[in-house]
>>> print(open('run_39.txt').read())   # compact mmCIF, C-alpha atoms and all ligand atoms
# COMPACT_ATOMS: atom_id res chain seq x y z
CA VAL A 1 -74.25 -86.77 85.99
CA SER A 2 -77.80 -85.62 85.43
CA ALA A 3 -79.57 -86.96 82.33
CA ARG A 4 -81.46 -83.70 82.22
CA THR A 5 -79.68 -81.38 79.78
CA PRO A 6 -80.19 -77.79 80.97
CA PHE A 7 -82.84 -76.07 78.87
CA ILE A 8 -82.98 -72.34 78.19
CA ALA A 9 -86.20 -71.35 76.43
CA GLY A 10 -86.92 -67.91 75.01
CA ASN A 11 -90.59 -66.94 74.96
CA TRP A 12 -90.73 -63.95 72.62
CA LYS A 13 -94.43 -63.36 73.34
CA MET A 14 -95.94 -60.95 70.74
CA ASN A 15 -92.61 -59.44 69.69
CA LEU A 16 -90.41 -59.56 66.54
CA ASP A 17 -91.97 -59.92 63.08
CA HIS A 18 -90.58 -62.57 60.73
CA LEU A 19 -87.86 -60.31 59.33
CA GLN A 20 -86.74 -59.20 62.78
CA ALA A 21 -86.83 -62.85 63.82
CA VAL A 22 -84.32 -63.81 61.12
CA ALA A 23 -81.91 -61.07 62.17
CA PHE A 24 -82.31 -62.03 65.82
CA VAL A 25 -81.74 -65.77 65.36
CA GLN A 26 -78.71 -65.18 63.13
CA LYS A 27 -77.18 -62.78 65.63
CA LEU A 28 -77.84 -65.11 68.56
CA HIS A 29 -76.32 -68.02 66.65
CA TRP A 30 -73.18 -66.03 65.80
CA THR A 31 -72.85 -64.66 69.32
CA LEU A 32 -72.96 -68.16 70.81
CA LYS A 33 -70.66 -69.52 68.12
CA GLU A 34 -68.12 -66.79 68.72
CA ALA A 35 -68.27 -67.51 72.45
CA LYS A 36 -67.64 -71.19 71.56
CA HIS A 37 -70.82 -72.27 73.29
CA ASP A 38 -71.14 -76.06 73.19
CA ALA A 39 -74.69 -76.79 72.04
CA GLY A 40 -74.51 -80.22 73.69
CA THR A 41 -74.21 -78.76 77.19
CA VAL A 42 -77.20 -76.41 77.24
CA GLU A 43 -80.20 -76.76 74.95
CA VAL A 44 -81.53 -73.51 73.50
CA ALA A 45 -85.05 -73.10 72.16
CA VAL A 46 -86.89 -70.10 70.76
CA PHE A 47 -90.64 -69.57 70.83
CA PRO A 48 -91.54 -66.96 68.19
CA PRO A 49 -95.04 -65.82 67.21
CA PHE A 50 -96.89 -68.21 64.84
CA THR A 51 -96.24 -65.95 61.83
CA ASP A 52 -92.46 -66.30 62.29
CA LEU A 53 -92.29 -70.06 62.65
CA ARG A 54 -91.86 -70.93 58.99
CA THR A 55 -89.13 -68.37 58.42
CA VAL A 56 -87.23 -69.31 61.57
CA GLN A 57 -87.52 -73.02 60.78
CA THR A 58 -86.13 -72.44 57.28
CA LEU A 59 -83.19 -70.48 58.71
CA ILE A 60 -82.45 -73.06 61.42
CA ASP A 61 -82.57 -75.81 58.82
CA ALA A 62 -80.48 -74.04 56.16
CA ASP A 63 -77.75 -72.85 58.51
CA LYS A 64 -77.81 -75.92 60.79
CA ILE A 65 -78.46 -73.73 63.81
CA PRO A 66 -78.68 -75.89 66.95
CA PHE A 67 -81.80 -74.24 68.40
CA GLY A 68 -85.06 -75.96 69.18
CA LEU A 69 -88.19 -74.33 67.80
CA GLY A 70 -91.48 -73.98 69.63
CA ALA A 71 -94.83 -72.25 69.41
CA GLN A 72 -96.44 -70.22 72.18
CA ASP A 73 -99.85 -71.93 72.07
CA LEU A 74 -101.95 -74.37 70.05
CA SER A 75 -105.60 -75.29 69.57
CA THR A 76 -107.29 -78.05 71.54
CA HIS A 77 -108.63 -79.21 68.13
CA ASP A 78 -106.76 -80.77 65.20
CA SER A 79 -108.70 -79.13 62.34
CA GLY A 80 -112.09 -77.74 61.45
CA ALA A 81 -114.28 -74.69 61.91
CA TYR A 82 -112.20 -72.93 64.56
CA THR A 83 -111.46 -69.51 63.10
CA GLY A 84 -108.15 -68.07 64.17
CA GLU A 85 -106.88 -71.23 65.85
CA VAL A 86 -103.62 -73.04 64.99
CA SER A 87 -103.48 -76.83 65.05
CA GLY A 88 -100.72 -78.92 66.57
CA GLN A 89 -100.48 -80.85 63.30
CA PHE A 90 -99.55 -77.65 61.48
CA LEU A 91 -96.88 -76.91 64.08
CA ALA A 92 -95.47 -80.42 63.79
CA LYS A 93 -95.28 -80.03 59.98
CA LEU A 94 -93.15 -76.93 60.51
CA ASP A 95 -90.73 -79.01 62.58
CA ALA A 96 -91.70 -77.26 65.79
CA ARG A 97 -90.60 -79.53 68.61
CA TYR A 98 -92.09 -77.67 71.56
CA VAL A 99 -95.25 -75.77 72.42
CA ILE A 100 -95.85 -73.59 75.47
CA ILE A 101 -99.15 -74.44 77.11
CA GLY A 102 -100.98 -72.59 79.87
CA HIS A 103 -98.76 -69.54 80.06
CA SER A 104 -100.18 -67.19 82.70
CA GLU A 105 -100.95 -64.59 80.00
CA ARG A 106 -103.16 -67.17 78.24
CA ARG A 107 -104.80 -68.10 81.53
CA GLN A 108 -105.30 -64.44 82.46
CA TYR A 109 -106.28 -62.76 79.17
CA HIS A 110 -107.80 -65.70 77.29
CA ALA A 111 -109.62 -67.44 80.12
CA GLU A 112 -107.69 -70.69 79.79
CA THR A 113 -108.75 -73.02 82.55
CA ASP A 114 -106.83 -76.00 83.93
CA GLU A 115 -109.15 -78.22 81.84
CA ILE A 116 -108.36 -76.37 78.61
CA VAL A 117 -104.67 -76.61 79.46
CA ALA A 118 -105.08 -80.39 79.92
CA GLN A 119 -106.81 -80.64 76.51
CA LYS A 120 -103.98 -78.67 74.90
CA VAL A 121 -101.42 -81.01 76.45
CA GLN A 122 -103.29 -83.92 74.84
CA ALA A 123 -103.41 -82.06 71.50
CA ALA A 124 -99.64 -81.48 71.64
CA LEU A 125 -98.88 -85.12 72.46
CA ARG A 126 -101.16 -86.35 69.63
CA HIS A 127 -98.84 -84.62 67.19
CA GLY A 128 -95.51 -85.52 68.75
CA LEU A 129 -94.94 -82.04 70.19
CA VAL A 130 -93.33 -81.61 73.61
CA PRO A 131 -95.64 -79.51 75.79
CA VAL A 132 -93.94 -76.92 77.98
CA ILE A 133 -96.59 -76.84 80.68
CA CYS A 134 -96.64 -73.54 82.60
CA VAL A 135 -97.98 -73.37 86.14
CA GLY A 136 -97.69 -70.77 88.85
CA GLU A 137 -99.46 -68.84 91.58
CA THR A 138 -100.55 -65.21 91.58
CA ALA A 139 -99.52 -62.85 94.38
CA GLU A 140 -102.98 -63.33 95.86
CA ASP A 141 -102.67 -67.14 95.73
CA LEU A 142 -99.27 -66.87 97.36
CA GLU A 143 -100.70 -64.94 100.27
CA LYS A 144 -103.73 -67.21 100.67
CA PHE A 145 -102.33 -70.68 99.96
CA GLY A 146 -98.54 -70.40 99.95
CA ALA A 147 -96.38 -70.97 96.88
CA SER A 148 -96.94 -74.57 95.87
CA ALA A 149 -100.67 -75.40 96.28
CA VAL A 150 -101.88 -73.69 93.09
CA PRO A 151 -99.07 -74.83 90.75
CA VAL A 152 -99.30 -78.38 92.13
CA GLY A 153 -103.08 -78.46 91.45
CA GLN A 154 -102.61 -77.00 87.97
CA LEU A 155 -100.01 -79.62 87.08
CA GLU A 156 -102.07 -82.50 88.48
CA THR A 157 -104.96 -81.54 86.17
CA ALA A 158 -102.65 -81.02 83.18
CA LEU A 159 -101.08 -84.47 83.60
CA ALA A 160 -104.25 -86.43 84.39
CA ASP A 161 -104.38 -88.42 81.12
CA VAL A 162 -100.74 -88.20 80.08
CA PRO A 163 -98.98 -91.54 79.41
CA ALA A 164 -95.97 -92.46 81.55
CA ASP A 165 -93.52 -92.32 78.64
CA ALA A 166 -94.57 -88.87 77.43
CA ASP A 167 -91.89 -86.30 76.78
CA ILE A 168 -92.92 -83.14 78.63
CA VAL A 169 -91.33 -80.04 80.14
CA VAL A 170 -92.75 -78.29 83.20
CA ALA A 171 -92.23 -74.57 83.85
CA TYR A 172 -92.82 -73.06 87.28
CA GLU A 173 -93.66 -69.44 86.64
CA PRO A 174 -94.94 -67.50 89.64
CA VAL A 175 -97.25 -64.92 88.07
CA TRP A 176 -95.97 -62.20 90.40
CA ALA A 177 -92.44 -62.74 89.08
CA ILE A 178 -93.28 -62.55 85.36
CA GLY A 179 -92.16 -59.30 83.79
CA SER A 180 -91.99 -57.67 87.22
CA GLY A 181 -88.23 -57.61 87.71
CA GLN A 182 -88.89 -59.36 91.00
CA ALA A 183 -87.71 -62.95 90.52
CA ALA A 184 -88.40 -65.67 93.06
CA THR A 185 -85.44 -66.55 95.25
CA PRO A 186 -83.53 -69.69 94.20
CA GLU A 187 -84.80 -71.36 97.40
CA GLN A 188 -88.42 -70.55 96.53
CA ALA A 189 -87.92 -71.84 92.99
CA GLN A 190 -86.27 -75.02 94.26
CA GLU A 191 -89.03 -75.71 96.77
CA VAL A 192 -91.83 -75.51 94.19
CA CYS A 193 -89.86 -77.20 91.38
CA ALA A 194 -89.18 -80.14 93.73
CA LYS A 195 -92.91 -80.39 94.52
CA LEU A 196 -93.74 -80.28 90.81
CA ARG A 197 -91.25 -83.08 90.18
CA GLU A 198 -93.07 -85.07 92.88
CA VAL A 199 -96.33 -84.52 90.97
CA VAL A 200 -94.67 -85.87 87.80
CA GLY A 201 -93.53 -88.88 89.85
CA ALA A 202 -96.95 -89.47 91.37
CA THR A 203 -98.80 -89.23 88.03
CA LEU A 204 -96.30 -90.56 85.46
CA GLY A 205 -93.95 -92.58 87.66
CA PRO A 206 -90.39 -92.34 88.97
CA ASP A 207 -88.67 -92.63 85.56
CA ALA A 208 -90.62 -89.64 84.28
CA ALA A 209 -89.79 -87.69 87.44
CA ALA A 210 -86.09 -88.40 86.94
CA ARG A 211 -85.99 -87.43 83.26
CA THR A 212 -88.49 -84.55 83.04
CA ARG A 213 -87.02 -81.08 82.96
CA VAL A 214 -88.57 -78.58 85.35
CA LEU A 215 -87.82 -74.95 84.52
CA TYR A 216 -88.10 -71.77 86.52
CA GLY A 217 -89.48 -68.64 84.84
CA GLY A 218 -90.04 -65.09 86.04
CA SER A 219 -87.59 -62.19 85.63
CA VAL A 220 -84.64 -64.45 84.80
CA LYS A 221 -81.58 -62.44 83.73
CA SER A 222 -77.89 -63.08 83.13
CA GLY A 223 -77.26 -61.88 86.68
CA ASN A 224 -79.51 -64.42 88.44
CA ILE A 225 -79.56 -67.49 86.14
CA ALA A 226 -76.61 -69.23 87.81
CA SER A 227 -78.24 -69.04 91.24
CA PHE A 228 -81.31 -70.86 89.88
CA MET A 229 -79.24 -73.42 87.98
CA ARG A 230 -77.39 -74.37 91.15
CA GLU A 231 -80.66 -75.73 92.59
CA PRO A 232 -81.00 -79.49 92.12
CA ASP A 233 -84.59 -79.46 90.83
CA VAL A 234 -84.26 -76.47 88.50
CA ASP A 235 -83.24 -77.74 85.06
CA GLY A 236 -83.42 -74.52 83.11
CA ALA A 237 -85.36 -71.34 82.56
CA LEU A 238 -88.26 -70.00 80.57
CA VAL A 239 -87.20 -66.46 79.73
CA GLY A 240 -89.50 -63.67 78.52
CA GLY A 241 -88.15 -60.10 78.39
CA ALA A 242 -84.48 -61.06 78.50
CA SER A 243 -84.92 -63.47 75.58
CA LEU A 244 -85.38 -60.49 73.24
CA VAL A 245 -81.91 -59.03 73.82
CA VAL A 246 -79.24 -61.06 72.01
CA ASP A 247 -76.31 -60.44 74.37
CA GLU A 248 -78.42 -60.88 77.47
CA PHE A 249 -80.03 -64.10 76.26
CA ALA A 250 -76.64 -65.44 75.11
CA ALA A 251 -75.23 -64.68 78.56
CA ILE A 252 -78.12 -66.60 80.15
CA VAL A 253 -77.41 -69.58 77.88
CA ARG A 254 -73.73 -69.38 78.89
CA PHE A 255 -74.41 -69.37 82.64
CA GLN A 256 -71.65 -70.76 84.85
CA LYS A 257 -72.76 -72.57 88.00
C1 LIG A 301 -92.53 -65.46 80.73
O1 LIG A 301 -93.41 -64.75 80.30
O2 LIG A 301 -92.54 -66.68 80.48
C2 LIG A 301 -91.47 -64.86 81.54
C3 LIG A 301 -90.79 -65.62 82.33
O3 LIG A 301 -91.29 -63.50 81.41
P1 LIG A 301 -90.10 -62.61 82.05
O4 LIG A 301 -88.82 -63.37 81.85
O5 LIG A 301 -90.12 -61.34 81.24
O6 LIG A 301 -90.43 -62.41 83.49
>>> encode(input="run_39.txt", output="structure tokens")
Amino acid sequence: VSARTPFIAGNWKMNLDHLQAVAFVQKLHWTLKEAKHDAGTVEVAVFPPFTDLRTVQTLIDADKIPFGLGAQDLSTHDSGAYTGEVSGQFLAKLDARYVIIGHSERRQYHAETDEIVAQKVQAALRHGLVPVICVGETAEDLEKFGASAVPVGQLETALADVPADADIVVAYEPVWAIGSGQAATPEQAQEVCAKLREVVGATLGPDAAARTRVLYGGSVKSGNIASFMREPDVDGALVGGASLVVDEFAAIVRFQK
């Protein structure tokens, strides 16, 4: 039996205000409850915009909803004159457990380099947050270097100064598959996820490689999730578009291998 509990993470991106977030989380909770989903078998986490975190945390806490909470980004700094930034210590105070780092939209539209991603991983770990480290190649990279060279390099930089016992999640998200409706094949996902697990092993050691969850992300839907979950090195999914539709996201969480 794998020690790696499957992990289904919903990245809402810049969608749902705090009132819509409450309605969404309640409906998702009831849908999974009605379907008798066993929260111990698949871990669910939601990643709302910063402005929703407090409201969602209060709801999760009050109604004992078994969802993990995460942010979509954090500052490299802990506090100070950094207008518009959000510190990992503030996220930790809100009981956020996870933080997405290095999503391709941050790399693409906000010029986040591999070095900035590495600094953000350190910032997350300083505050006890679990970084969900996103890596992946563009269509151009894929043509030039194949699938794994770019994500492997990105992960090596991100993990350079990470201690062996750190709790991290890795997400392989080919940029060409994000929001495109064109998911990678399960074989492609498996191949790169296995290489990324090797990077975790080479940098943090074999125990970390065995326990770290490696996710696939990119046009995951209820119709393809099971095919990814059947792959030995795919431990879950980071879901964008389909995480905003209650029934669809609930069906992803309830995948049957
Ligand atoms: C994402 O942005 O992390 C993602 C995987 O998006 P989508 O599921 O919409 O492709």
>>> residues_near_ligand(input="run_39.txt", ligand="ligand LIG 301 (chain A)", cutoff="10 Å", atoms="all atoms listed in the file", output="number ranges by chain")
A: 9-13, 72, 100, 103-105, 134, 171-183, 216-221, 237-244
>>> closest_residue(input="run_39.txt", among="A:Ala251, A:Ile8, A:Leu69, A:Val199", to="A:Arg54", atoms="all atoms listed in the file")
A:Leu69
>>> residues_around(input="run_39.txt", residues="A:Thr58", least_positions_apart="2", cutoff="12 Å", atoms="all atoms listed in the file", output="list of chain:residue names")
A:His18, A:Ala21, A:Val22, A:Val25, A:Gln26, A:Asp52, A:Leu53, A:Arg54, A:Thr55, A:Val56, A:Ile60, A:Asp61, A:Ala62, A:Asp63, A:Lys64, A:Ile65, A:Leu69, A:Leu94, A:Asp95, A:Ala96
>>> closest_residue(input="run_39.txt", among="A:Tyr109, A:Tyr98, A:Tyr82, A:Phe145", to="A:Leu129", atoms="all atoms listed in the file")
A:Tyr98
>>> closest_residue(input="run_39.txt", among="A:Val152, A:Val99, A:Ala92, A:Met229", to="A:Val46", atoms="all atoms listed in the file")
A:Val99
>>> closest_residue(input="run_39.txt", among="A:Gly153, A:Gly84, A:Gly128, A:Pro186", to="A:Glu115", atoms="all atoms listed in the file")
A:Gly153
>>> axis_aligned_box(input="run_39.txt", around="stretch 206-211 of chain A", padding_each_side="3 Å", output="AutoDock Vina command-line options")
--center_x -88.3 --center_y -90.0 --center_z 86.1 --size_x 10.6 --size_y 11.2 --size_z 11.7
>>> closest_residue(input="run_39.txt", among="A:Glu231, A:Pro66, A:Leu59, A:Ile168", to="A:Asp38", atoms="only C-alpha atoms")
A:Pro66
>>> atom_distance(input="run_39.txt", atom1="atom CA of A:Val245", atom2="atom CA of A:Val42")
18.3 Å
>>> residues_near_point(input="run_39.txt", point="(-94.1, -60.1, 64.5)", cutoff="7 Å", atoms="only C-alpha atoms", output="mmCIF file with C-alpha atoms, in the coordinates of the input")
data_model
loop_
_atom_site.group_PDB
_atom_site.id
_atom_site.type_symbol
_atom_site.label_atom_id
_atom_site.label_comp_id
_atom_site.auth_asym_id
_atom_site.auth_seq_id
_atom_site.Cartn_x
_atom_site.Cartn_y
_atom_site.Cartn_z
ATOM 1 C CA MET A 14 -95.940 -60.950 70.740
ATOM 2 C CA ASN A 15 -92.610 -59.440 69.690
ATOM 3 C CA LEU A 16 -90.410 -59.560 66.540
ATOM 4 C CA ASP A 17 -91.970 -59.920 63.080
ATOM 5 C CA HIS A 18 -90.580 -62.570 60.730
ATOM 6 C CA PRO A 49 -95.040 -65.820 67.210
ATOM 7 C CA THR A 51 -96.240 -65.950 61.830
ATOM 8 C CA ASP A 52 -92.460 -66.300 62.290
#
>>> residues_around(input="run_39.txt", residues="A:Ala164", least_positions_apart="6", cutoff="9 Å", atoms="all atoms listed in the file", output="PyMOL selection string")
chain A and resi 203-205+207-208
>>> build_atoms(input="run_39.txt", residues="stretch 168-197 of chain A", atoms="N, CA and C atoms", output="mmCIF file, in the coordinates of the input")
data_model
loop_
_atom_site.group_PDB
_atom_site.id
_atom_site.type_symbol
_atom_site.label_atom_id
_atom_site.label_comp_id
_atom_site.auth_asym_id
_atom_site.auth_seq_id
_atom_site.Cartn_x
_atom_site.Cartn_y
_atom_site.Cartn_z
ATOM 1 N N ILE A 168 -92.315 -84.429 78.255
ATOM 2 C CA ILE A 168 -92.920 -83.140 78.630
ATOM 3 C C ILE A 168 -91.857 -82.278 79.309
ATOM 4 N N VAL A 169 -92.131 -80.974 79.355
ATOM 5 C CA VAL A 169 -91.330 -80.040 80.140
ATOM 6 C C VAL A 169 -92.311 -79.298 81.039
ATOM 7 N N VAL A 170 -91.909 -79.035 82.267
ATOM 8 C CA VAL A 170 -92.750 -78.290 83.200
ATOM 9 C C VAL A 170 -92.055 -76.960 83.495
ATOM 10 N N ALA A 171 -92.830 -75.876 83.516
ATOM 11 C CA ALA A 171 -92.230 -74.570 83.850
ATOM 12 C C ALA A 171 -92.975 -73.970 85.044
ATOM 13 N N TYR A 172 -92.246 -73.763 86.125
ATOM 14 C CA TYR A 172 -92.820 -73.060 87.280
ATOM 15 C C TYR A 172 -92.616 -71.576 87.075
ATOM 16 N N GLU A 173 -93.725 -70.875 86.877
ATOM 17 C CA GLU A 173 -93.660 -69.440 86.640
ATOM 18 C C GLU A 173 -94.593 -68.712 87.602
ATOM 19 N N PRO A 174 -94.077 -68.274 88.754
ATOM 20 C CA PRO A 174 -94.940 -67.500 89.640
ATOM 21 C C PRO A 174 -95.399 -66.233 88.910
ATOM 22 N N VAL A 175 -96.700 -66.012 88.886
ATOM 23 C CA VAL A 175 -97.250 -64.920 88.070
ATOM 24 C C VAL A 175 -96.693 -63.569 88.545
ATOM 25 N N TRP A 176 -96.474 -63.457 89.835
ATOM 26 C CA TRP A 176 -95.970 -62.200 90.400
ATOM 27 C C TRP A 176 -94.520 -61.926 89.987
ATOM 28 N N ALA A 177 -93.843 -62.920 89.483
ATOM 29 C CA ALA A 177 -92.440 -62.740 89.080
ATOM 30 C C ALA A 177 -92.292 -62.463 87.583
ATOM 31 N N ILE A 178 -93.376 -62.682 86.819
ATOM 32 C CA ILE A 178 -93.280 -62.550 85.360
ATOM 33 C C ILE A 178 -93.292 -61.069 84.960
ATOM 34 N N GLY A 179 -92.241 -60.664 84.299
ATOM 35 C CA GLY A 179 -92.160 -59.300 83.790
ATOM 36 C C GLY A 179 -92.103 -58.227 84.867
ATOM 37 N N SER A 180 -91.929 -58.629 86.107
ATOM 38 C CA SER A 180 -91.990 -57.670 87.220
ATOM 39 C C SER A 180 -90.611 -57.200 87.651
ATOM 40 N N GLY A 181 -89.571 -57.914 87.219
ATOM 41 C CA GLY A 181 -88.230 -57.610 87.710
ATOM 42 C C GLY A 181 -87.983 -58.196 89.089
ATOM 43 N N GLN A 182 -89.026 -58.786 89.663
ATOM 44 C CA GLN A 182 -88.890 -59.360 91.000
ATOM 45 C C GLN A 182 -88.936 -60.895 90.879
ATOM 46 N N ALA A 183 -87.765 -61.489 90.668
ATOM 47 C CA ALA A 183 -87.710 -62.950 90.520
ATOM 48 C C ALA A 183 -87.944 -63.616 91.878
ATOM 49 N N ALA A 184 -88.366 -64.874 91.827
ATOM 50 C CA ALA A 184 -88.400 -65.670 93.060
ATOM 51 C C ALA A 184 -86.959 -65.846 93.548
ATOM 52 N N THR A 185 -86.788 -66.206 94.795
ATOM 53 C CA THR A 185 -85.440 -66.550 95.250
ATOM 54 C C THR A 185 -85.138 -67.969 94.743
ATOM 55 N N PRO A 186 -83.862 -68.324 94.614
ATOM 56 C CA PRO A 186 -83.530 -69.690 94.200
ATOM 57 C C PRO A 186 -84.149 -70.726 95.135
ATOM 58 N N GLU A 187 -84.220 -70.413 96.422
ATOM 59 C CA GLU A 187 -84.800 -71.360 97.400
ATOM 60 C C GLU A 187 -86.294 -71.549 97.136
ATOM 61 N N GLN A 188 -86.987 -70.439 96.846
ATOM 62 C CA GLN A 188 -88.420 -70.550 96.530
ATOM 63 C C GLN A 188 -88.616 -71.390 95.271
ATOM 64 N N ALA A 189 -87.806 -71.106 94.256
ATOM 65 C CA ALA A 189 -87.920 -71.840 92.990
ATOM 66 C C ALA A 189 -87.659 -73.331 93.225
ATOM 67 N N GLN A 190 -86.618 -73.627 93.979
ATOM 68 C CA GLN A 190 -86.270 -75.020 94.260
ATOM 69 C C GLN A 190 -87.417 -75.739 94.979
ATOM 70 N N GLU A 191 -87.979 -75.076 95.971
ATOM 71 C CA GLU A 191 -89.030 -75.710 96.770
ATOM 72 C C GLU A 191 -90.213 -76.123 95.878
ATOM 73 N N VAL A 192 -90.662 -75.190 95.026
ATOM 74 C CA VAL A 192 -91.830 -75.510 94.190
ATOM 75 C C VAL A 192 -91.436 -76.477 93.067
ATOM 76 N N CYS A 193 -90.279 -76.280 92.464
ATOM 77 C CA CYS A 193 -89.860 -77.200 91.380
ATOM 78 C C CYS A 193 -89.754 -78.628 91.916
ATOM 79 N N ALA A 194 -89.267 -78.799 93.136
ATOM 80 C CA ALA A 194 -89.180 -80.140 93.730
ATOM 81 C C ALA A 194 -90.578 -80.730 93.917
ATOM 82 N N LYS A 195 -91.529 -79.897 94.345
ATOM 83 C CA LYS A 195 -92.910 -80.390 94.520
ATOM 84 C C LYS A 195 -93.513 -80.769 93.164
ATOM 85 N N LEU A 196 -93.212 -79.982 92.146
ATOM 86 C CA LEU A 196 -93.740 -80.280 90.810
ATOM 87 C C LEU A 196 -93.140 -81.581 90.279
ATOM 88 N N ARG A 197 -91.863 -81.805 90.580
ATOM 89 C CA ARG A 197 -91.250 -83.080 90.180
ATOM 90 C C ARG A 197 -91.945 -84.243 90.905
#
